[in-house]
Amino acid sequence: MSIRSEGRASGLSLSMLARRPEAGSFVGLVVVYAFFAFLGGAVFTGAPGWSSWLNIAAEVGIVALPVGLLMIAGELDISVGSVIPASSMTAAIVSGHYGLPAPVGIACGLGTGLLVGFVNGYLVTRTRIPSLIVTIGTMFGVMGLTLGFAVLIVGSTSVSLVPDAFTKLILGTFIGGMFNVSMFWWAAFVVSVFFLLHVSPVGNWIFAIGGDRESARNAGIPTRQLTVALYMLSGFAAAFVGILQLMTYQSAQVATGQSFIFNSIMCVVIGGVLLTGGSGSVIGIVTGTVTFAIVNQGIFFSGLDPNIGSVIIGALLLAAVLSNDTFRALALSYSAKKK
Amino acid sequence: MDLITSLVRRPAAASVLSLVGVVLFYVIFGGVELGKLAGAASWVNFAANLGIVAIPVGLLMISGELDISIGAMIPAGSMTTAIISGYYELPIIYGMAGALAVGVVVGLVNGILTIRTTVPSLIITLGTLVAMQGVVLSASKLLTGDASVALTAPEWSKFIFGRLIGGSHQIIIFWWILIAAVYAFVVHQSRYGNWLFAMGGDRESARNCGIPVDRMTIILFVLSATSAAFVGMCQAILFNSAQVSGGMNYIFNTIVSVVVGGVLLTGGFGSVVGIFFGTLTFAIVSQGIYFTDIDRNWSNLIIGVMLLIAVAMNESFRSMATSASTSRKK
């Protein structure tokens, strides 16, 4: 009797675990890590391996979090790809070219991100144009503005900036020569977004918007303000990554960041967020980001042709969405089984 | 007046207006000489390469799906041609068949995954995009040890697929016009076109009406992947070499062309003529800027603004089109 109830309890908790949105992505992470640990050996499982994928994960992860929130709310943001160079270019021009103090440059860079986010949010909520198209439009627009102003003001497509010691320390140092300080910022972002999505009432609102925008509005949720705020958050996060890159590499280029568009979407989707909205979790997004970064960097430790890495990522993405489908079906059908 | 309203209600109206608007903008603010622009080859070549891919992508969008894997299919097509006929020195016909076959296979994968799962096609084709990039890169490294392969195509194949007419206009322009005409006929004259619009409007009802929705979706994905491979193949034959990189720009460029051309992202609305003019508009904005006094660095800004204006125009024209029947009763 007791054995049976025990068995039932553990079976229940197992199925409960499997029903969580991040279950599939966690299994993927374990498999991928084991695979590369086997091929890469001690170098990959030691500090060099961890630092290389953590550095990648931190940068993509900071952008992936708000992109994931937007996706949960049923929207896409392509413009992050051009906000990153726009913000680092702005900060470099203000602080590097004009020689103003670093905090002013950083504020201007982050302000650029917030502004682009506001424009995105405004256009998405005030018109009926799908967010994919709106943000493609702003992506091209911001790209053109960045390039145009950089050439107009500085006369070059790359601007250098030598940050003061303190700014360099908190935004662009390599700890122990390997671990970029950006991973602490990523951790801070993870904690804040986790609180926002899973603890504060705003989180429920985000899920409600993604599930059914009309009903959410009728239930009194300020859907417009929240959508604009989410776009501003993703603009801010992308701008922040731009600042981190500027402080780390001490120069800003107009043509970086394009890879972030699809990489952030892939991290989020591998992490079990539903593209059509209404389902997902912060733990899932983090797991997806780490998985992505491990494949991306682990391949260099494995002795395989590095290009195989993108085949693995593509296959992983498809496997992730397919298994997420299965897990989600499990989760949704569970109540029916109860009777 | 009736003529004007009926013209404005056509899906292509906004794209024609965008085209006129962009040309006027360049003439007034950029000091472009129209004759010089019309005689230039650069934007027509650009439009033809883009347009051959944009039409099937637009048709997919009309049916309610997206295909971004084309970004990897263009280098895949040119690399396959170059590896088979350039590196292994087999007759060019095998290389061409190989390139198109790669397109068919990837299209089949995209289509089958889209209809068999509930995963959105954006994510599926993102997966195949990334995977194909890796496959093309590692296959070319593995087989040839290089990321760029030379190809000497025989005269007849260059004559048909890759020569410059008058030293500047690529032969692919004729392919574009021919292909666009065929698509326009099929979409707007045959029953398959109606099926397409029905699928984009309401997939479930379309299936219940007996439309082979699944088969149509697979065919459309095969068409778009194969068209991209075809463009890659023509480029390899024209330039006598193939690179693994390139093609990523096509992803957003096709989407912008199609949307400027009046296709509704959510499906069920659009036209081949609209996509044709949308592509022309995009090509003139991005390549025509070299003929203006405007600094070319601003071209992306103009593309972004044009996209948003064109989409906003499409929105208002579409509501005019759908409300047209109610105004008739007066």
# chains A, B, ... in the order shown; residues from 1 in each chain; ligands from 1

$ interface_residues --of "chain B" --to "chain A" --cutoff "6 Å" --atoms "only C-alpha atoms" --output "VMD selection string"
chain B and resid 127 130 to 131 134 138 297 to 298 300 to 301 304 307 to 308

$ write_last_selection --atoms "C-alpha atoms" --output "JSON list (two decimals), in the first residue's frame"
[["chain", "number", "residue", "atom", "x", "y", "z"],
["B", 127, "GLY", "CA", 15.97, 25.23, -38.56],
["B", 130, "VAL", "CA", 20.83, 26.99, -40.19],
["B", 131, "ALA", "CA", 21.22, 23.29, -40.95],
["B", 134, "GLY", "CA", 26.26, 24.03, -42.07],
["B", 138, "SER", "CA", 31.07, 21.38, -44.35],
["B", 297, "ASN", "CA", 24.55, 54.91, -46.50],
["B", 298, "TRP", "CA", 21.00, 56.13, -46.01],
["B", 300, "ASN", "CA", 18.56, 51.16, -45.51],
["B", 301, "LEU", "CA", 16.74, 53.99, -43.77],
["B", 304, "GLY", "CA", 12.67, 50.80, -43.68],
["B", 307, "LEU", "CA", 8.31, 49.40, -46.01],
["B", 308, "LEU", "CA", 6.28, 50.92, -43.19]]

$ residues_around --residues "range 31-48 of chain A" --least-positions-apart "6" --cutoff "12 Å" --atoms "only C-alpha atoms" --output "JSON, numbers by chain"
{"A": [24, 25, 54, 55, 175, 176, 177, 178, 179, 180, 287, 288, 290, 291, 292, 293, 294, 295, 296, 297, 298, 299, 300, 301, 302, 303, 304, 309, 312, 313, 315, 316]}

$ write_last_selection --atoms "C-alpha atoms" --output "PDB file, in the first residue's frame"
ATOM      1  CA  GLY A  24      12.324  19.162 -23.238  1.00  0.00           C
ATOM      2  CA  SER A  25      14.993  21.826 -23.379  1.00  0.00           C
ATOM      3  CA  LEU A  54      29.407  31.278 -20.986  1.00  0.00           C
ATOM      4  CA  ASN A  55      30.729  34.397 -22.744  1.00  0.00           C
ATOM      5  CA  ILE A 175      37.866  37.807 -15.015  1.00  0.00           C
ATOM      6  CA  GLY A 176      40.887  35.549 -14.782  1.00  0.00           C
ATOM      7  CA  GLY A 177      41.564  36.447 -18.383  1.00  0.00           C
ATOM      8  CA  MET A 178      38.699  34.238 -19.547  1.00  0.00           C
ATOM      9  CA  PHE A 179      35.307  34.920 -17.989  1.00  0.00           C
ATOM     10  CA  ASN A 180      33.699  38.080 -19.357  1.00  0.00           C
ATOM     11  CA  THR A 287      18.362  26.472 -20.725  1.00  0.00           C
ATOM     12  CA  GLY A 288      17.841  27.131 -24.424  1.00  0.00           C
ATOM     13  CA  VAL A 290      23.024  27.618 -22.649  1.00  0.00           C
ATOM     14  CA  THR A 291      22.292  24.728 -25.036  1.00  0.00           C
ATOM     15  CA  PHE A 292      22.765  27.007 -28.021  1.00  0.00           C
ATOM     16  CA  ALA A 293      26.020  28.415 -26.647  1.00  0.00           C
ATOM     17  CA  ILE A 294      27.413  24.966 -25.812  1.00  0.00           C
ATOM     18  CA  VAL A 295      26.795  23.707 -29.361  1.00  0.00           C
ATOM     19  CA  ASN A 296      28.147  26.936 -30.808  1.00  0.00           C
ATOM     20  CA  GLN A 297      31.406  26.818 -28.857  1.00  0.00           C
ATOM     21  CA  GLY A 298      31.711  23.134 -27.949  1.00  0.00           C
ATOM     22  CA  ILE A 299      32.234  22.292 -31.587  1.00  0.00           C
ATOM     23  CA  PHE A 300      35.632  24.013 -31.468  1.00  0.00           C
ATOM     24  CA  PHE A 301      36.744  21.689 -28.667  1.00  0.00           C
ATOM     25  CA  SER A 302      35.395  18.547 -30.270  1.00  0.00           C
ATOM     26  CA  GLY A 303      37.772  18.149 -33.192  1.00  0.00           C
ATOM     27  CA  LEU A 304      34.822  18.070 -35.585  1.00  0.00           C
ATOM     28  CA  GLY A 309      27.909  23.012 -35.454  1.00  0.00           C
ATOM     29  CA  ILE A 312      23.561  20.387 -35.034  1.00  0.00           C
ATOM     30  CA  ILE A 313      21.887  23.672 -34.046  1.00  0.00           C
ATOM     31  CA  ALA A 315      18.604  19.749 -36.011  1.00  0.00           C
ATOM     32  CA  LEU A 316      18.422  20.654 -32.323  1.00  0.00           C
TER      33      LEU A 316
END

$ residues_around --residues "range 253-258 of chain B" --least-positions-apart "4" --cutoff "6 Å" --atoms "only C-alpha atoms" --output "PDB file with C-alpha atoms, in the first residue's frame"
ATOM      1  CA  ALA B  54      10.264  36.586 -54.114  1.00  0.00           C
ATOM      2  CA  GLY B  58       4.994  35.600 -51.748  1.00  0.00           C
ATOM      3  CA  VAL B 263       0.745  40.575 -49.800  1.00  0.00           C
ATOM      4  CA  ILE B 275       5.017  41.122 -55.890  1.00  0.00           C
ATOM      5  CA  GLY B 278       7.261  45.305 -54.970  1.00  0.00           C
ATOM      6  CA  THR B 279      10.520  43.706 -56.098  1.00  0.00           C
ATOM      7  CA  PHE B 282      12.907  47.423 -53.542  1.00  0.00           C
TER       8      PHE B 282
END

$ residues_around --residues "range 83-96 of chain B" --least-positions-apart "2" --cutoff "10 Å" --atoms "only C-alpha atoms" --output "MDAnalysis selection string"
chainID B and resid 77:81 98:101 139:140 143:144 148:154 156:157 229:230 233:234 236:237 240:242

$ write_last_selection --atoms "C-alpha atoms" --output "CSV table (one decimal), in the first residue's frame"
chain,number,residue,atom,x,y,z
B,77,GLY,CA,22.4,25.9,-55.4
B,78,SER,CA,25.5,27.6,-56.7
B,79,MET,CA,27.8,25.4,-54.6
B,80,THR,CA,26.1,22.2,-55.8
B,81,THR,CA,26.5,23.2,-59.5
B,98,GLY,CA,21.9,18.4,-58.8
B,99,ALA,CA,21.3,22.0,-57.7
B,100,LEU,CA,17.6,21.8,-58.5
B,101,ALA,CA,17.4,18.4,-56.7
B,139,ALA,CA,30.3,19.6,-47.6
B,140,SER,CA,32.4,22.0,-49.6
B,143,LEU,CA,34.7,17.5,-50.8
B,144,THR,CA,36.9,20.3,-52.2
B,148,SER,CA,34.9,28.7,-53.0
B,149,VAL,CA,34.8,26.6,-56.1
B,150,ALA,CA,35.6,27.6,-59.7
B,151,LEU,CA,33.4,26.5,-62.6
B,152,THR,CA,33.8,26.7,-66.4
B,153,ALA,CA,30.4,26.3,-67.9
B,154,PRO,CA,30.0,25.4,-71.5
B,156,TRP,CA,25.3,26.8,-74.4
B,157,SER,CA,24.6,26.9,-70.7
B,229,ALA,CA,18.6,27.0,-56.0
B,230,PHE,CA,17.9,28.0,-59.5
B,233,MET,CA,22.8,28.0,-60.2
B,234,CYS,CA,22.5,30.9,-62.6
B,236,ALA,CA,27.5,30.1,-60.5
B,237,ILE,CA,27.2,29.8,-64.3
B,240,ASN,CA,32.2,31.1,-63.1
B,241,SER,CA,32.5,30.4,-59.4
B,242,ALA,CA,30.5,29.8,-56.3

$ select_by_dssp --residues "range 66-231 of chain A" --states "strand (DSSP E or B)" --output "ChimeraX atom specification"
/A:158-160,174-175,179-180

$ residues_around --residues "Trp185 in chain A" --least-positions-apart "3" --cutoff "9 Å" --atoms "only C-alpha atoms" --output "VMD selection string"
chain A and resid 58 62 171 181 to 182 188 to 190

$ residues_around --residues "range 108-118 of chain B" --least-positions-apart "3" --cutoff "6 Å" --atoms "only C-alpha atoms" --output "number ranges by chain"
B: 105, 121, 218, 221-222

$ residues_around --residues "range 196-206 of chain A" --least-positions-apart "5" --cutoff "8 Å" --atoms "only C-alpha atoms" --output "list in words"
Leu69, Ile72, Ala73, Ala216, Ile221, Leu226, Gly278, Ser281 and Val282 of chain A

$ closest_residue --among "B:Val16, B:Leu265, B:Ile62, B:Val27" --to "Trp195 in chain B" --atoms "only C-alpha atoms"
B:Ile62

$ closest_residue --among "B:Asp67, B:Ile74, B:Trp176, B:Thr292" --to "Ile123 in chain B" --atoms "only C-alpha atoms"
B:Asp67
